[in-house]
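Colleague: I have a structure I would like to understand better, so I am pasting it below and will then ask my questions one at a time.
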Amino acid sequence: MTNAAHRLLWTVVALLLVALGGTVLAVNLGRLPGGAGVLLDAGLRRPFRLAAPWGALALAVVGVLAALAGLWLLRAELGAARGRGYGTLAHPGRRGRTRLAAGALVRALERDLTGDPRIRRAHVVLTGTPPRPDLWIRVEVAAGTRTAGLREHVDSAVRRYADTMGCRPARLDVTAHVDSGPSR
Amino acid sequence: MRTANRLATLLLAAALLAGGALLAVEALLAAAGRRALLVDTAAWSAALGRTRWDDPIVRAAAVAALLLGLGILAAELRRWSPARLDAGGGWHLHRRSVERRLAAAAGSVPGVGRARVRVRRRGAGWRPRVVATGDPAASAEVAFAVRQELHRLAAPCTGRVEVRLLPRRRAP
């Protein structure tokens, strides 16, 4: 799940909590009718008993839906944490869409990038459509390295890669993590 | 906040999964006329049947939910610091790692210790703010060291480097 999706989810949860808490507080303080009754009164129990066993079955369905929502959320969350994938290239055709896992394609670029000792680790993700794919690069830069010279290395590695692949990236996005340490 | 959101989502997912499964099983058992497994539904029903809407416990729970909701809402809607800093030309630097590196540069000035750096975006450039312990007279040296490090990182033109040096506490 993306950061924006998390933010949206928790904004909705917060709004639900505010609405619930505000309504119950208004009833409690007598600003809304019903403050004199009990939480689960006979008016609520009677229809549930009359509808037996359908009321309990409806509750079971609610429980299954909640459990499925939890499972979906868990898979989305764990998949995002684990899934440092390499992306997928997709090409629409006349009879559907061809999808290609980009793992094998990006490893060459990763090797080229880490050929420079200033880059400790590199991770490349390739997405989009083949002639003009999007290239997302994340490099871990060794302590004390000048990033000015590094940009040229990354740019030339990307140029070599594009020439070999016969494509031109529509978007190039590079994020560098710089190690803290003594400057060289 | 990003990590807190991920942890909270994991907790919410686990709670939904466990709670939903428990509710489904208990409801199916109730529908079949069997005894409940874990939840004493009769006791819960009796307790909810006794508790009035104007009870103090209900008010406390409502206030807690309201405050929790407002707290989460404020945390989610405020402006977050960006995870990475734009260095131009599709190139970005991870903000935390830049801050650590600038803190190391500030701490390398003799007599300066415990340096902490926050980098904020100001227009197209960055605005670093350094807080450290040391002689306030060394502010210019710290600013120079930070500026040099920013130059090494090829950072976009920066404005003033804000330095706050707190004198060290002397041992009694």
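FYI, nothing fancy with the structure tokens labels: chains A, B, ... in order, residues from 1 per chain, ligands from 1 as they appear.
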Write down as a PyMOL selection string the residues belonging to chain B that are assigned strand (DSSP E or B) by DSSP computed on the backbone.

Modeller: chain B and resi 52+84-86+91-94+113-122+125-133+162-166

Colleague: Give me a file of those residues, with N, CA, C and O atoms, as a compact mmCIF listing (two decimals), in the first residue's frame.

Modeller:
```txt
# COMPACT_ATOMS: atom_id res chain seq x y z
N ARG B 52 -26.79 2.33 30.82
CA ARG B 52 -27.63 3.38 30.25
C ARG B 52 -26.78 4.31 29.38
O ARG B 52 -25.57 4.44 29.58
N ARG B 84 11.97 12.49 0.48
CA ARG B 84 13.19 12.72 -0.30
C ARG B 84 13.21 14.16 -0.78
O ARG B 84 12.16 14.81 -0.90
N LEU B 85 14.41 14.63 -1.06
CA LEU B 85 14.60 16.02 -1.46
C LEU B 85 14.93 16.06 -2.94
O LEU B 85 15.77 15.28 -3.41
N ASP B 86 14.29 16.98 -3.64
CA ASP B 86 14.49 17.08 -5.08
C ASP B 86 15.81 17.79 -5.37
O ASP B 86 16.03 18.91 -4.90
N TRP B 91 16.61 13.60 -10.14
CA TRP B 91 17.50 13.06 -9.12
C TRP B 91 17.00 13.52 -7.75
O TRP B 91 16.69 14.70 -7.54
N HIS B 92 16.90 12.56 -6.82
CA HIS B 92 16.43 12.89 -5.47
C HIS B 92 17.39 12.33 -4.44
O HIS B 92 18.05 11.31 -4.68
N LEU B 93 17.42 12.97 -3.29
CA LEU B 93 18.24 12.44 -2.18
C LEU B 93 17.31 12.12 -1.02
O LEU B 93 16.41 12.90 -0.71
N HIS B 94 17.55 10.98 -0.41
CA HIS B 94 16.75 10.56 0.74
C HIS B 94 16.99 11.55 1.89
O HIS B 94 18.13 11.78 2.29
N GLY B 113 29.40 19.08 19.27
CA GLY B 113 28.93 17.70 19.45
C GLY B 113 27.42 17.62 19.39
O GLY B 113 26.73 18.64 19.32
N ARG B 114 26.91 16.41 19.41
CA ARG B 114 25.47 16.11 19.42
C ARG B 114 24.70 16.91 18.37
O ARG B 114 23.68 17.54 18.68
N ALA B 115 25.22 16.91 17.15
CA ALA B 115 24.57 17.72 16.11
C ALA B 115 23.35 17.00 15.56
O ALA B 115 23.38 15.79 15.33
N ARG B 116 22.28 17.77 15.41
CA ARG B 116 21.07 17.26 14.76
C ARG B 116 20.71 18.24 13.64
O ARG B 116 20.79 19.46 13.84
N VAL B 117 20.33 17.71 12.51
CA VAL B 117 20.03 18.58 11.36
C VAL B 117 18.65 18.24 10.83
O VAL B 117 18.28 17.07 10.71
N ARG B 118 17.88 19.26 10.53
CA ARG B 118 16.60 19.10 9.82
C ARG B 118 16.71 19.88 8.52
O ARG B 118 17.17 21.03 8.53
N VAL B 119 16.32 19.26 7.43
CA VAL B 119 16.35 19.97 6.14
C VAL B 119 14.92 20.19 5.69
O VAL B 119 14.12 19.25 5.65
N ARG B 120 14.61 21.43 5.39
CA ARG B 120 13.28 21.76 4.87
C ARG B 120 13.41 22.33 3.48
O ARG B 120 14.43 22.91 3.15
N ARG B 121 12.34 22.13 2.70
CA ARG B 121 12.33 22.70 1.37
C ARG B 121 11.97 24.18 1.46
O ARG B 121 11.07 24.55 2.20
N ARG B 122 12.69 25.00 0.77
CA ARG B 122 12.33 26.43 0.70
C ARG B 122 12.37 26.81 -0.78
O ARG B 122 13.45 27.00 -1.32
N GLY B 125 15.12 25.45 -3.36
CA GLY B 125 16.32 25.07 -2.60
C GLY B 125 16.00 24.40 -1.28
O GLY B 125 14.84 24.09 -0.99
N TRP B 126 17.02 24.12 -0.50
CA TRP B 126 16.84 23.47 0.79
C TRP B 126 17.26 24.43 1.88
O TRP B 126 18.13 25.26 1.70
N ARG B 127 16.67 24.29 3.04
CA ARG B 127 17.02 25.14 4.18
C ARG B 127 17.41 24.22 5.35
O ARG B 127 16.54 23.64 6.00
N PRO B 128 18.72 24.02 5.59
CA PRO B 128 19.13 23.17 6.72
C PRO B 128 19.13 23.94 8.03
O PRO B 128 19.46 25.13 8.06
N ARG B 129 18.74 23.24 9.08
CA ARG B 129 18.74 23.86 10.41
C ARG B 129 19.53 22.93 11.33
O ARG B 129 19.18 21.76 11.49
N VAL B 130 20.60 23.46 11.91
CA VAL B 130 21.50 22.64 12.73
C VAL B 130 21.32 23.02 14.20
O VAL B 130 21.33 24.20 14.54
N VAL B 131 21.15 22.03 15.05
CA VAL B 131 21.14 22.25 16.50
C VAL B 131 22.22 21.34 17.08
O VAL B 131 22.24 20.14 16.79
N ALA B 132 23.15 21.92 17.82
CA ALA B 132 24.26 21.12 18.37
C ALA B 132 24.71 21.75 19.67
O ALA B 132 24.25 22.84 20.05
N THR B 133 25.59 21.06 20.36
CA THR B 133 26.19 21.65 21.57
C THR B 133 27.59 22.13 21.19
O THR B 133 28.27 21.49 20.39
N GLU B 162 20.87 27.65 9.01
CA GLU B 162 20.53 28.10 10.36
C GLU B 162 21.28 27.25 11.38
O GLU B 162 21.17 26.02 11.35
N VAL B 163 22.07 27.88 12.24
CA VAL B 163 22.87 27.12 13.21
C VAL B 163 22.52 27.60 14.61
O VAL B 163 22.49 28.80 14.88
N ARG B 164 22.22 26.66 15.47
CA ARG B 164 21.95 27.00 16.87
C ARG B 164 22.87 26.16 17.73
O ARG B 164 22.73 24.93 17.77
N LEU B 165 23.84 26.81 18.36
CA LEU B 165 24.78 26.07 19.21
C LEU B 165 24.45 26.34 20.67
O LEU B 165 24.40 27.50 21.11
N LEU B 166 24.22 25.27 21.40
CA LEU B 166 23.88 25.41 22.82
C LEU B 166 25.15 25.16 23.63
O LEU B 166 25.83 24.15 23.38
```

Colleague: Would you give me, as a Markdown table, each residue of chain B having an atom within 6 Å of an atom of chain A, along with its shortest atom pair and that distance in Å to one decimal, using only C-alpha atoms and sorting by chain and residue number?

Modeller:
```
| residue | atom | partner | partner_atom | distance |
| --- | --- | --- | --- | --- |
| B:Ala13 | CA | A:Gly70 | CA | 4.2 |
| B:Leu16 | CA | A:Gly70 | CA | 4.7 |
| B:Leu17 | CA | A:Ala67 | CA | 3.9 |
| B:Gly20 | CA | A:Gly63 | CA | 4.0 |
| B:Ala21 | CA | A:Ala67 | CA | 5.5 |
| B:Leu23 | CA | A:Gly63 | CA | 5.0 |
| B:Ala24 | CA | A:Ala60 | CA | 3.9 |
| B:Ala27 | CA | A:Ala56 | CA | 5.0 |
| B:Ala31 | CA | A:Pro53 | CA | 5.0 |
| B:Leu48 | CA | A:Leu40 | CA | 5.4 |
| B:Gly49 | CA | A:Leu40 | CA | 4.8 |
| B:Thr51 | CA | A:Val38 | CA | 5.4 |
| B:Arg52 | CA | A:Val38 | CA | 4.0 |
| B:Trp53 | CA | A:Gly35 | CA | 5.0 |
| B:Asp54 | CA | A:Asn28 | CA | 4.3 |
| B:Arg59 | CA | A:Leu25 | CA | 5.9 |
| B:Ala62 | CA | A:Gly21 | CA | 4.3 |
| B:Ala65 | CA | A:Gly21 | CA | 5.0 |
| B:Leu66 | CA | A:Gly21 | CA | 4.6 |
| B:Gly69 | CA | A:Ala14 | CA | 4.2 |
| B:Ile72 | CA | A:Ala14 | CA | 5.7 |
| B:Leu73 | CA | A:Ala14 | CA | 5.4 |
| B:Gly90 | CA | A:Asp173 | CA | 4.9 |
| B:Trp91 | CA | A:Val174 | CA | 4.8 |
| B:His92 | CA | A:Thr175 | CA | 4.6 |
| B:Leu93 | CA | A:Ala176 | CA | 4.8 |
| B:His94 | CA | A:His177 | CA | 5.2 |
| B:Ser97 | CA | A:Val178 | CA | 5.4 |
| B:Arg100 | CA | A:Ser180 | CA | 5.7 |
| B:Arg101 | CA | A:Ser180 | CA | 4.2 |
| B:Arg152 | CA | A:Arg146 | CA | 4.8 |
| B:Leu153 | CA | A:Thr147 | CA | 4.9 |
| B:Ala154 | CA | A:Ala148 | CA | 5.3 |
```

Colleague: State, in Å with one decimal place, the distance from atom CA of Val58 of chain B to atom CA of Leu44 of chain A.

Modeller: 18.3 Å

Colleague: Report, in Å with one decimal, the straight-line distance from atom CA of Leu109 of chain A to atom CA of Glu152 of chain A.

Modeller: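 Distance reported for this atom pair: 14.6 Å.
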
Colleague: What is the atom CA of Arg132 of chain A to atom CA of Leu100 of chain A distance in Å?

Modeller: 14.4 Å

Colleague: From the DSSP assignment of the backbone, select every residue of chain A that is alpha helix (DSSP H), and format the answer as a PyMOL selection string.

Modeller: chain A and resi 3-28+42-50+54-82+103-113+147-165

Colleague: For Arg168 of chain A, find every residue with an atom within 8 Å (counting only C-alpha atoms), except residues of its own chain fewer than 3 positions away, and show them as a compact mmCIF listing (two decimals) with all heavy atoms, in the first residue's frame.

Modeller:
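Output contents, as saved in around20.txt:
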```
# COMPACT_ATOMS: atom_id res chain seq x y z
N PRO A 131 8.40 0.61 -25.50
CA PRO A 131 9.29 1.56 -26.19
C PRO A 131 9.68 2.76 -25.31
O PRO A 131 10.76 3.31 -25.46
CB PRO A 131 8.47 2.01 -27.40
CG PRO A 131 7.13 1.43 -27.26
CD PRO A 131 7.06 0.60 -26.04
N ARG A 132 8.78 3.14 -24.40
CA ARG A 132 9.05 4.30 -23.54
C ARG A 132 8.76 3.92 -22.09
O ARG A 132 7.79 4.39 -21.49
CB ARG A 132 8.17 5.48 -23.95
CG ARG A 132 8.29 5.89 -25.40
CD ARG A 132 9.37 6.90 -25.68
NE ARG A 132 9.12 8.15 -25.01
CZ ARG A 132 10.07 9.04 -24.73
NH1 ARG A 132 11.32 8.76 -25.03
NH2 ARG A 132 9.79 10.18 -24.13
N PRO A 133 9.58 3.04 -21.48
CA PRO A 133 9.28 2.60 -20.11
C PRO A 133 9.66 3.66 -19.08
O PRO A 133 10.40 4.60 -19.39
CB PRO A 133 10.16 1.36 -19.95
CG PRO A 133 11.32 1.62 -20.84
CD PRO A 133 10.82 2.45 -21.98
N ALA A 162 19.77 1.98 -22.24
CA ALA A 162 18.73 2.34 -23.22
C ALA A 162 19.18 1.97 -24.63
O ALA A 162 18.39 1.47 -25.44
CB ALA A 162 18.43 3.83 -23.12
N ASP A 163 20.48 2.19 -24.92
CA ASP A 163 20.98 1.85 -26.26
C ASP A 163 20.93 0.35 -26.49
O ASP A 163 20.55 -0.12 -27.58
CB ASP A 163 22.44 2.34 -26.42
CG ASP A 163 22.49 3.86 -26.52
OD1 ASP A 163 21.43 4.45 -26.78
OD2 ASP A 163 23.57 4.44 -26.30
```
